[in-house]
file run-v7.pdb (PDB, C-alpha atoms)
ATOM      1  CA  MET R   1     -46.785  17.735  65.757  1.00  0.00           C
ATOM      2  CA  ARG R   2     -50.452  17.289  64.885  1.00  0.00           C
ATOM      3  CA  LEU R   3     -49.617  15.501  61.634  1.00  0.00           C
ATOM      4  CA  ALA R   4     -46.272  13.871  62.418  1.00  0.00           C
ATOM      5  CA  SER R   5     -46.491  12.335  65.851  1.00  0.00           C
ATOM      6  CA  VAL R   6     -47.969   9.279  67.534  1.00  0.00           C
ATOM      7  CA  ASP R   7     -50.174  11.575  69.634  1.00  0.00           C
ATOM      8  CA  GLY R   8     -51.443  13.351  66.537  1.00  0.00           C
ATOM      9  CA  PHE R   9     -52.269  10.032  64.899  1.00  0.00           C
ATOM     10  CA  ARG R  10     -54.082   8.827  68.024  1.00  0.00           C
ATOM     11  CA  ASP R  11     -56.074  12.077  68.297  1.00  0.00           C
ATOM     12  CA  ASP R  12     -57.015  12.430  64.614  1.00  0.00           C
ATOM     13  CA  PRO R  13     -55.913   9.456  62.509  1.00  0.00           C
ATOM     14  CA  GLU R  14     -58.051  10.505  59.571  1.00  0.00           C
ATOM     15  CA  ALA R  15     -56.337  13.905  59.292  1.00  0.00           C
ATOM     16  CA  VAL R  16     -52.890  12.284  59.502  1.00  0.00           C
ATOM     17  CA  LEU R  17     -53.744   9.695  56.856  1.00  0.00           C
ATOM     18  CA  GLU R  18     -55.181  12.398  54.613  1.00  0.00           C
ATOM     19  CA  PHE R  19     -51.966  14.425  54.961  1.00  0.00           C
ATOM     20  CA  TYR R  20     -49.750  11.461  54.069  1.00  0.00           C
ATOM     21  CA  ASN R  21     -52.023  10.287  51.267  1.00  0.00           C
ATOM     22  CA  ALA R  22     -51.483  13.721  49.698  1.00  0.00           C
ATOM     23  CA  ARG R  23     -47.693  13.410  50.167  1.00  0.00           C
ATOM     24  CA  ARG R  24     -47.777   9.918  48.660  1.00  0.00           C
ATOM     25  CA  MET R  25     -49.742  11.094  45.617  1.00  0.00           C
ATOM     26  CA  GLN R  26     -47.354  14.011  45.220  1.00  0.00           C
ATOM     27  CA  LEU R  27     -44.421  11.581  45.195  1.00  0.00           C
ATOM     28  CA  TYR R  28     -46.257   9.389  42.662  1.00  0.00           C
ATOM     29  CA  ASN R  29     -46.129  12.325  40.225  1.00  0.00           C
ATOM     30  CA  VAL R  30     -42.520  13.402  40.917  1.00  0.00           C
ATOM     31  CA  LYS R  31     -39.572  12.339  38.789  1.00  0.00           C
ATOM     32  CA  PRO R  32     -35.923  11.914  39.812  1.00  0.00           C
ATOM     33  CA  ASN R  33     -33.612  14.782  38.884  1.00  0.00           C
ATOM     34  CA  HIS R  34     -30.112  14.962  37.411  1.00  0.00           C
ATOM     35  CA  ALA R  35     -28.462  14.546  40.831  1.00  0.00           C
ATOM     36  CA  HIS R  36     -30.183  11.184  41.374  1.00  0.00           C
ATOM     37  CA  TYR R  37     -28.964   9.931  37.990  1.00  0.00           C
ATOM     38  CA  ALA R  38     -25.440  11.267  38.583  1.00  0.00           C
ATOM     39  CA  LEU R  39     -25.146   9.299  41.820  1.00  0.00           C
ATOM     40  CA  VAL R  40     -26.085   6.124  39.949  1.00  0.00           C
ATOM     41  CA  GLU R  41     -23.294   6.894  37.463  1.00  0.00           C
ATOM     42  CA  LEU R  42     -20.911   7.359  40.396  1.00  0.00           C
ATOM     43  CA  GLU R  43     -21.942   3.915  41.620  1.00  0.00           C
ATOM     44  CA  LYS R  44     -20.561   2.399  38.401  1.00  0.00           C
ATOM     45  CA  GLN R  45     -17.069   3.433  39.532  1.00  0.00           C
ATOM     46  CA  HIS R  46     -17.399   3.333  43.336  1.00  0.00           C
ATOM     47  CA  ASP R  47     -19.146   1.455  46.114  1.00  0.00           C
ATOM     48  CA  VAL R  48     -21.780   4.059  46.989  1.00  0.00           C
ATOM     49  CA  THR R  49     -24.049   3.989  50.028  1.00  0.00           C
ATOM     50  CA  ILE R  50     -26.649   6.751  50.181  1.00  0.00           C
ATOM     51  CA  VAL R  51     -27.922   7.822  53.596  1.00  0.00           C
ATOM     52  CA  THR R  52     -30.978  10.015  53.159  1.00  0.00           C
ATOM     53  CA  GLN R  53     -33.340  11.964  55.365  1.00  0.00           C
ATOM     54  CA  ASN R  54     -35.800  12.104  52.461  1.00  0.00           C
ATOM     55  CA  VAL R  55     -38.771   9.749  52.543  1.00  0.00           C
ATOM     56  CA  ASP R  56     -39.099   9.390  48.762  1.00  0.00           C
ATOM     57  CA  ASP R  57     -37.989   6.496  46.542  1.00  0.00           C
ATOM     58  CA  LEU R  58     -36.268   8.597  43.867  1.00  0.00           C
ATOM     59  CA  HIS R  59     -32.828   7.053  44.443  1.00  0.00           C
ATOM     60  CA  GLU R  60     -34.275   3.560  44.059  1.00  0.00           C
ATOM     61  CA  ARG R  61     -36.213   4.528  40.935  1.00  0.00           C
ATOM     62  CA  VAL R  62     -33.006   5.387  39.089  1.00  0.00           C
ATOM     63  CA  GLY R  63     -31.139   2.303  40.281  1.00  0.00           C
ATOM     64  CA  SER R  64     -29.132   3.201  43.392  1.00  0.00           C
ATOM     65  CA  SER R  65     -28.529  -0.137  45.073  1.00  0.00           C
ATOM     66  CA  LYS R  66     -27.668   0.844  48.673  1.00  0.00           C
ATOM     67  CA  VAL R  67     -30.017   3.406  50.211  1.00  0.00           C
ATOM     68  CA  ILE R  68     -30.493   3.876  53.951  1.00  0.00           C
ATOM     69  CA  HIS R  69     -33.693   5.791  54.758  1.00  0.00           C
ATOM     70  CA  LEU R  70     -33.319   7.414  58.176  1.00  0.00           C
ATOM     71  CA  HIS R  71     -36.826   8.880  58.388  1.00  0.00           C
ATOM     72  CA  GLY R  72     -38.828   6.123  56.734  1.00  0.00           C
ATOM     73  CA  GLU R  73     -40.370   5.627  53.318  1.00  0.00           C
ATOM     74  CA  LEU R  74     -43.606   6.921  51.820  1.00  0.00           C
ATOM     75  CA  THR R  75     -43.741   3.829  49.597  1.00  0.00           C
ATOM     76  CA  LYS R  76     -44.340   1.609  52.639  1.00  0.00           C
ATOM     77  CA  VAL R  77     -46.918   1.138  55.362  1.00  0.00           C
ATOM     78  CA  THR R  78     -46.686  -0.537  58.737  1.00  0.00           C
ATOM     79  CA  SER R  79     -48.598  -1.393  61.875  1.00  0.00           C
ATOM     80  CA  SER R  80     -49.763   1.417  64.145  1.00  0.00           C
ATOM     81  CA  ARG R  81     -49.128  -0.918  67.071  1.00  0.00           C
ATOM     82  CA  ASN R  82     -45.806  -2.515  66.046  1.00  0.00           C
ATOM     83  CA  ARG R  83     -44.109  -0.005  63.740  1.00  0.00           C
ATOM     84  CA  GLU R  84     -40.829  -1.928  63.420  1.00  0.00           C
ATOM     85  CA  ASP R  85     -42.285  -5.424  63.099  1.00  0.00           C
ATOM     86  CA  ASP R  86     -40.835  -6.568  59.773  1.00  0.00           C
ATOM     87  CA  ARG R  87     -43.902  -8.740  59.145  1.00  0.00           C
ATOM     88  CA  CYS R  88     -46.056  -5.599  59.071  1.00  0.00           C
ATOM     89  CA  ILE R  89     -43.822  -3.383  56.890  1.00  0.00           C
ATOM     90  CA  LYS R  90     -45.104  -3.615  53.322  1.00  0.00           C
ATOM     91  CA  TYR R  91     -44.792  -1.777  50.049  1.00  0.00           C
ATOM     92  CA  TYR R  92     -48.026   0.028  49.285  1.00  0.00           C
ATOM     93  CA  PRO R  93     -48.795   1.659  45.923  1.00  0.00           C
ATOM     94  CA  LEU R  94     -48.341   5.430  46.145  1.00  0.00           C
ATOM     95  CA  ASN R  95     -51.559   6.105  44.239  1.00  0.00           C
ATOM     96  CA  LEU R  96     -53.612   3.923  46.605  1.00  0.00           C
ATOM     97  CA  PRO R  97     -54.825   5.899  49.672  1.00  0.00           C
ATOM     98  CA  ILE R  98     -54.534   4.509  53.180  1.00  0.00           C
ATOM     99  CA  TYR R  99     -57.948   4.720  54.842  1.00  0.00           C
ATOM    100  CA  LEU R 100     -59.254   4.138  58.354  1.00  0.00           C
ATOM    101  CA  GLY R 101     -60.062   0.449  58.573  1.00  0.00           C
ATOM    102  CA  HIS R 102     -57.134  -0.692  56.412  1.00  0.00           C
ATOM    103  CA  LYS R 103     -55.365  -3.216  58.612  1.00  0.00           C
ATOM    104  CA  ALA R 104     -51.783  -4.363  59.060  1.00  0.00           C
ATOM    105  CA  ASP R 105     -51.001  -8.072  59.405  1.00  0.00           C
ATOM    106  CA  ASP R 106     -51.263  -7.777  63.196  1.00  0.00           C
ATOM    107  CA  GLY R 107     -54.827  -6.410  62.931  1.00  0.00           C
ATOM    108  CA  SER R 108     -53.949  -2.814  63.823  1.00  0.00           C
ATOM    109  CA  GLN R 109     -54.633   0.253  61.705  1.00  0.00           C
ATOM    110  CA  LEU R 110     -52.167   0.750  58.848  1.00  0.00           C
ATOM    111  CA  ARG R 111     -50.009   3.864  59.071  1.00  0.00           C
ATOM    112  CA  PRO R 112     -47.287   5.334  56.853  1.00  0.00           C
ATOM    113  CA  TYR R 113     -43.824   3.874  57.422  1.00  0.00           C
ATOM    114  CA  ILE R 114     -42.487   7.263  58.507  1.00  0.00           C
ATOM    115  CA  VAL R 115     -40.503   8.162  61.621  1.00  0.00           C
ATOM    116  CA  TRP R 116     -42.629  10.600  63.586  1.00  0.00           C
ATOM    117  CA  PHE R 117     -41.481  13.025  66.270  1.00  0.00           C
ATOM    118  CA  GLY R 118     -40.424  11.101  69.360  1.00  0.00           C
ATOM    119  CA  GLU R 119     -39.794   7.824  67.494  1.00  0.00           C
ATOM    120  CA  GLU R 120     -36.348   6.256  67.172  1.00  0.00           C
ATOM    121  CA  LEU R 121     -34.393   6.162  63.923  1.00  0.00           C
ATOM    122  CA  ARG R 122     -34.167   2.431  63.229  1.00  0.00           C
ATOM    123  CA  TYR R 123     -31.280   2.627  60.760  1.00  0.00           C
ATOM    124  CA  MET R 124     -29.049   5.162  62.519  1.00  0.00           C
ATOM    125  CA  ASP R 125     -26.468   2.503  63.429  1.00  0.00           C
ATOM    126  CA  ASP R 126     -26.336   1.307  59.802  1.00  0.00           C
ATOM    127  CA  ALA R 127     -25.794   4.895  58.681  1.00  0.00           C
ATOM    128  CA  ARG R 128     -23.057   5.428  61.267  1.00  0.00           C
ATOM    129  CA  LEU R 129     -21.224   2.288  60.116  1.00  0.00           C
ATOM    130  CA  ALA R 130     -21.471   3.386  56.478  1.00  0.00           C
ATOM    131  CA  VAL R 131     -19.914   6.743  57.372  1.00  0.00           C
ATOM    132  CA  GLU R 132     -17.191   5.152  59.511  1.00  0.00           C
ATOM    133  CA  ASN R 133     -16.211   2.859  56.616  1.00  0.00           C
ATOM    134  CA  ALA R 134     -16.284   5.535  53.914  1.00  0.00           C
ATOM    135  CA  ASP R 135     -13.190   6.385  51.870  1.00  0.00           C
ATOM    136  CA  ILE R 136     -14.902   9.530  50.564  1.00  0.00           C
ATOM    137  CA  PHE R 137     -17.666  11.354  52.441  1.00  0.00           C
ATOM    138  CA  ILE R 138     -20.198  13.495  50.588  1.00  0.00           C
ATOM    139  CA  VAL R 139     -23.021  15.624  51.962  1.00  0.00           C
ATOM    140  CA  ILE R 140     -25.556  16.846  49.400  1.00  0.00           C
ATOM    141  CA  GLY R 141     -28.433  19.266  49.822  1.00  0.00           C
ATOM    142  CA  THR R 142     -28.437  19.912  53.552  1.00  0.00           C
ATOM    143  CA  SER R 143     -27.048  22.669  55.719  1.00  0.00           C
ATOM    144  CA  LEU R 144     -26.311  20.132  58.495  1.00  0.00           C
ATOM    145  CA  VAL R 145     -28.764  21.469  61.064  1.00  0.00           C
ATOM    146  CA  VAL R 146     -31.206  18.537  61.413  1.00  0.00           C
ATOM    147  CA  TYR R 147     -30.144  16.156  64.170  1.00  0.00           C
ATOM    148  CA  PRO R 148     -29.422  13.377  64.830  1.00  0.00           C
ATOM    149  CA  ALA R 149     -28.609  12.895  61.120  1.00  0.00           C
ATOM    150  CA  ALA R 150     -26.305  15.936  61.048  1.00  0.00           C
ATOM    151  CA  GLY R 151     -24.214  14.268  63.733  1.00  0.00           C
ATOM    152  CA  LEU R 152     -23.148  11.580  61.260  1.00  0.00           C
ATOM    153  CA  VAL R 153     -20.427  13.894  59.920  1.00  0.00           C
ATOM    154  CA  GLY R 154     -18.533  13.312  63.140  1.00  0.00           C
ATOM    155  CA  TYR R 155     -18.038   9.643  62.236  1.00  0.00           C
ATOM    156  CA  ALA R 156     -16.183  10.337  58.976  1.00  0.00           C
ATOM    157  CA  HIS R 157     -12.450   9.747  59.295  1.00  0.00           C
ATOM    158  CA  ARG R 158     -10.483  12.986  59.430  1.00  0.00           C
ATOM    159  CA  GLU R 159      -8.051  12.065  56.658  1.00  0.00           C
ATOM    160  CA  ILE R 160     -10.555  11.150  53.928  1.00  0.00           C
ATOM    161  CA  PRO R 161     -11.776  13.603  51.258  1.00  0.00           C
ATOM    162  CA  LYS R 162     -15.032  15.280  52.338  1.00  0.00           C
ATOM    163  CA  PHE R 163     -17.402  17.321  50.191  1.00  0.00           C
ATOM    164  CA  LEU R 164     -20.473  19.427  50.896  1.00  0.00           C
ATOM    165  CA  VAL R 165     -22.760  20.287  47.969  1.00  0.00           C
ATOM    166  CA  ASP R 166     -25.203  22.972  49.063  1.00  0.00           C
ATOM    167  CA  PRO R 167     -26.069  26.452  47.751  1.00  0.00           C
ATOM    168  CA  SER R 168     -26.172  27.953  51.252  1.00  0.00           C
ATOM    169  CA  ASP R 169     -23.504  30.314  52.435  1.00  0.00           C
ATOM    170  CA  MET R 170     -21.727  28.091  54.958  1.00  0.00           C
ATOM    171  CA  GLU R 171     -19.214  30.702  56.079  1.00  0.00           C
ATOM    172  CA  GLY R 172     -18.609  30.221  59.769  1.00  0.00           C
ATOM    173  CA  HIS R 173     -20.549  26.931  59.752  1.00  0.00           C
ATOM    174  CA  LEU R 174     -18.500  24.805  57.360  1.00  0.00           C
ATOM    175  CA  LEU R 175     -16.908  21.879  59.104  1.00  0.00           C
ATOM    176  CA  SER R 176     -13.155  21.511  59.016  1.00  0.00           C
ATOM    177  CA  GLY R 177     -11.820  19.430  56.150  1.00  0.00           C
ATOM    178  CA  PHE R 178     -14.825  19.838  53.850  1.00  0.00           C
ATOM    179  CA  MET R 179     -14.640  21.208  50.326  1.00  0.00           C
ATOM    180  CA  HIS R 180     -17.800  23.291  49.828  1.00  0.00           C
ATOM    181  CA  ILE R 181     -19.336  23.147  46.362  1.00  0.00           C
ATOM    182  CA  LYS R 182     -21.725  26.085  46.571  1.00  0.00           C
ATOM    183  CA  ALA R 183     -24.414  24.918  44.152  1.00  0.00           C
ATOM    184  CA  LYS R 184     -27.761  23.155  44.040  1.00  0.00           C
ATOM    185  CA  ALA R 185     -27.520  19.371  43.933  1.00  0.00           C
ATOM    186  CA  THR R 186     -28.535  19.215  40.269  1.00  0.00           C
ATOM    187  CA  GLU R 187     -25.551  21.385  39.315  1.00  0.00           C
ATOM    188  CA  GLY R 188     -23.111  20.564  42.076  1.00  0.00           C
ATOM    189  CA  VAL R 189     -22.979  16.808  41.495  1.00  0.00           C
ATOM    190  CA  ASP R 190     -21.176  17.292  38.178  1.00  0.00           C
ATOM    191  CA  ILE R 191     -18.528  19.441  39.888  1.00  0.00           C
ATOM    192  CA  LEU R 192     -18.349  16.853  42.665  1.00  0.00           C
ATOM    193  CA  ILE R 193     -17.777  13.979  40.239  1.00  0.00           C
ATOM    194  CA  ASP R 194     -15.022  15.926  38.497  1.00  0.00           C
ATOM    195  CA  GLU R 195     -13.355  16.488  41.880  1.00  0.00           C
ATOM    196  CA  ILE R 196     -13.600  12.790  42.739  1.00  0.00           C
ATOM    197  CA  ARG R 197     -12.018  11.830  39.416  1.00  0.00           C
ATOM    198  CA  ARG R 198      -9.024  13.991  40.341  1.00  0.00           C
ATOM    199  CA  LEU R 199      -8.402  12.132  43.601  1.00  0.00           C
TER     200      LEU R 199
END
call {"tool": "encode", "arguments": {"input": "run-v7.pdb", "output": "C-alpha cells"}}
result
Amino acid sequence: MRLASVDGFRDDPEAVLEFYNARRMQLYNVKPNHAHYALVELEKQHDVTIVTQNVDDLHERVGSSKVIHLHGELTKVTSSRNREDDRCIKYYPLNLPIYLGHKADDGSQLRPYIVWFGEELRYMDDARLAVENADIFIVIGTSLVVYPAAGLVGYAHREIPKFLVDPSDMEGHLLSGFMHIKAKATEGVDILIDEIRRL
C-alpha cells in the first residue's frame, strides 16, 4: 500500500517514484518470451484480443495489435491530479527516470500510468466486451484469484472452447468447461495452438 496507492504517493512521492523507476528500468532490460511470439503467430490466423493484468509492453514489442491493459502501463506516465485525462497520458522512455518536479501537461506531478489500490480499472468494460464476443476463450499464466480481472471468465459464452494454460494444480478450482493445459506459458502455448488447430 505504501508504494502502490494514492495515499502512499501523497505521503512519500519520492519513494514511490524510485520504486517505479526501478520497475521501468527492469522492464527496459527484459525481452519477450516464446509465449509472446506464439500469440502473435496465432494472430495471423485469428482475430486475437489480449487482456492482460501485466503492466509491461512485451506483447506490443512482438507485434500483438490488440492489447487491453487492465492495470496500466509502465511505458506511460500521467497526471497525479487527473490520471485518466487523455491529454496527460504520454509514452515515457523506460530508461528515463521520473523525478519530483517533472510535470504533466496540467502542471501536476507526473506519476506512472499504473492503477493503484483503490483506483478504478478504466478498461474493464472493453475487456468484458472482448470476452463476451470471443469465439475461443484462453486464460494464460494466472490461477484466476485476482479480482476483478478473474471475474471476466464469467462473461465467456458457455458453448465456446475455453482453455487455461497454467502450471498450477487446479483440481477443485478449475472452472467448468475449461481444458487445463498444465504447463508454463512458454511451453503450454504450443500445446494450446495445436488444440486450436484441431477445432
call {"tool": "axis_aligned_box", "arguments": {"input": "run-v7.pdb", "around": "segment 82-86 of chain R", "padding_each_side": "3 Å", "output": "JSON"}}
result
{"center_x": -43.3, "center_y": -3.3, "center_z": 62.9, "size_x": 11.0, "size_y": 12.6, "size_z": 12.3}
call {"tool": "residues_around", "arguments": {"input": "run-v7.pdb", "residues": "segment 6-14 of chain R", "least_positions_apart": "4", "cutoff": "7 Å", "atoms": "only C-alpha atoms", "output": "PyMOL selection string"}}
result
chain R and resi 1-2+18+100+116
call {"tool": "closest_residue", "arguments": {"input": "run-v7.pdb", "among": "R:His36, R:Arg83, R:His46, R:Arg111", "to": "Arg61 of chain R", "atoms": "all atoms listed in the file"}}
result
R:His36
call {"tool": "atom_distance", "arguments": {"input": "run-v7.pdb", "atom1": "atom CA of Met25 of chain R", "atom2": "atom CA of Leu96 of chain R"}}
result
8.2 Å
call {"tool": "closest_residue", "arguments": {"input": "run-v7.pdb", "among": "R:Val77, R:Ile138, R:Val51, R:Leu199", "to": "His102 of chain R", "atoms": "all atoms listed in the file"}}
result
R:Val77
call {"tool": "atom_distance", "arguments": {"input": "run-v7.pdb", "atom1": "atom CA of Gln109 of chain R", "atom2": "atom CA of Leu121 of chain R"}}
result
21.2 Å
call {"tool": "residues_near_point", "arguments": {"input": "run-v7.pdb", "point": "(-49.9, 19.2, 60.1)", "cutoff": "10 Å", "atoms": "all atoms listed in the file", "output": "MDAnalysis selection string"}}
result
chainID R and resid 1:5 8 15:16 19:20
call {"tool": "residues_around", "arguments": {"input": "run-v7.pdb", "residues": "Pro93 of chain R", "least_positions_apart": "6", "cutoff": "9 Å", "atoms": "only C-alpha atoms", "output": "list in words"}}
result
Arg24, Tyr28, Thr75 and Lys76 of chain R
call {"tool": "resolve_selection", "arguments": {"input": "run-v7.pdb", "expression": "the PyMOL selection byres ((chain R and resi 161) around 6)", "output": "list in words"}}
result
Ile136, Ile160 and Lys162 of chain R
call {"tool": "atom_distance", "arguments": {"input": "run-v7.pdb", "atom1": "atom CA of Leu129 of chain R", "atom2": "atom CA of Arg198 of chain R"}}
result
26.0 Å
call {"tool": "closest_residue", "arguments": {"input": "run-v7.pdb", "among": "R:Leu74, R:Val131, R:Met170, R:Ala104", "to": "Gln26 of chain R", "atoms": "all atoms listed in the file"}}
result
R:Leu74
call {"tool": "resolve_selection", "arguments": {"input": "run-v7.pdb", "expression": "the PyMOL selection byres ((chain R and resi 154) around 10)", "output": "list in words"}}
result
Arg128, Val131, Glu132, Ala150, Gly151, Leu152, Val153, Tyr155, Ala156, His157, Arg158 and Leu175 of chain R
call {"tool": "write_last_selection", "arguments": {"input": "run-v7.pdb", "atoms": "C-alpha atoms", "output": "short mmCIF file (atom, residue, chain, number, x, y, z; two decimals), in the coordinates of the input"}}
result
data_model
loop_
_atom_site.label_atom_id
_atom_site.label_comp_id
_atom_site.auth_asym_id
_atom_site.auth_seq_id
_atom_site.Cartn_x
_atom_site.Cartn_y
_atom_site.Cartn_z
CA ARG R 128 -23.06 5.43 61.27
CA VAL R 131 -19.91 6.74 57.37
CA GLU R 132 -17.19 5.15 59.51
CA ALA R 150 -26.30 15.94 61.05
CA GLY R 151 -24.21 14.27 63.73
CA LEU R 152 -23.15 11.58 61.26
CA VAL R 153 -20.43 13.89 59.92
CA TYR R 155 -18.04 9.64 62.24
CA ALA R 156 -16.18 10.34 58.98
CA HIS R 157 -12.45 9.75 59.30
CA ARG R 158 -10.48 12.99 59.43
CA LEU R 175 -16.91 21.88 59.10
#
call {"tool": "resolve_selection", "arguments": {"input": "run-v7.pdb", "expression": "the PyMOL selection byres ((chain R and resi 70) around 9)", "output": "CSV table (one decimal) with C-alpha atoms, in the coordinates of the input"}}
result
chain,number,residue,atom,x,y,z
R,51,VAL,CA,-27.9,7.8,53.6
R,52,THR,CA,-31.0,10.0,53.2
R,53,GLN,CA,-33.3,12.0,55.4
R,54,ASN,CA,-35.8,12.1,52.5
R,55,VAL,CA,-38.8,9.7,52.5
R,68,ILE,CA,-30.5,3.9,54.0
R,69,HIS,CA,-33.7,5.8,54.8
R,71,HIS,CA,-36.8,8.9,58.4
R,72,GLY,CA,-38.8,6.1,56.7
R,73,GLU,CA,-40.4,5.6,53.3
R,115,VAL,CA,-40.5,8.2,61.6
R,121,LEU,CA,-34.4,6.2,63.9
R,122,ARG,CA,-34.2,2.4,63.2
R,123,TYR,CA,-31.3,2.6,60.8
R,124,MET,CA,-29.0,5.2,62.5
R,127,ALA,CA,-25.8,4.9,58.7
R,149,ALA,CA,-28.6,12.9,61.1
call {"tool": "residues_around", "arguments": {"input": "run-v7.pdb", "residues": "Val62 of chain R", "least_positions_apart": "4", "cutoff": "8 Å", "atoms": "all atoms listed in the file", "output": "PyMOL selection string"}}
result
chain R and resi 32+36-37+40+58
call {"tool": "closest_residue", "arguments": {"input": "run-v7.pdb", "among": "R:Glu119, R:Ser168, R:Arg81, R:Asp126", "to": "Asp105 of chain R", "atoms": "only C-alpha atoms"}}
result
R:Arg81
call {"tool": "closest_residue", "arguments": {"input": "run-v7.pdb", "among": "R:Tyr99, R:Phe117, R:Tyr147, R:Phe137", "to": "Phe163 of chain R", "atoms": "only C-alpha atoms"}}
result
R:Phe137
call {"tool": "residues_near_point", "arguments": {"input": "run-v7.pdb", "point": "(-24.0, 2.6, 46.7)", "cutoff": "12 Å", "atoms": "all atoms listed in the file", "output": "ChimeraX atom specification"}}
result
/R:36,38-51,59-60,63-68,130,134
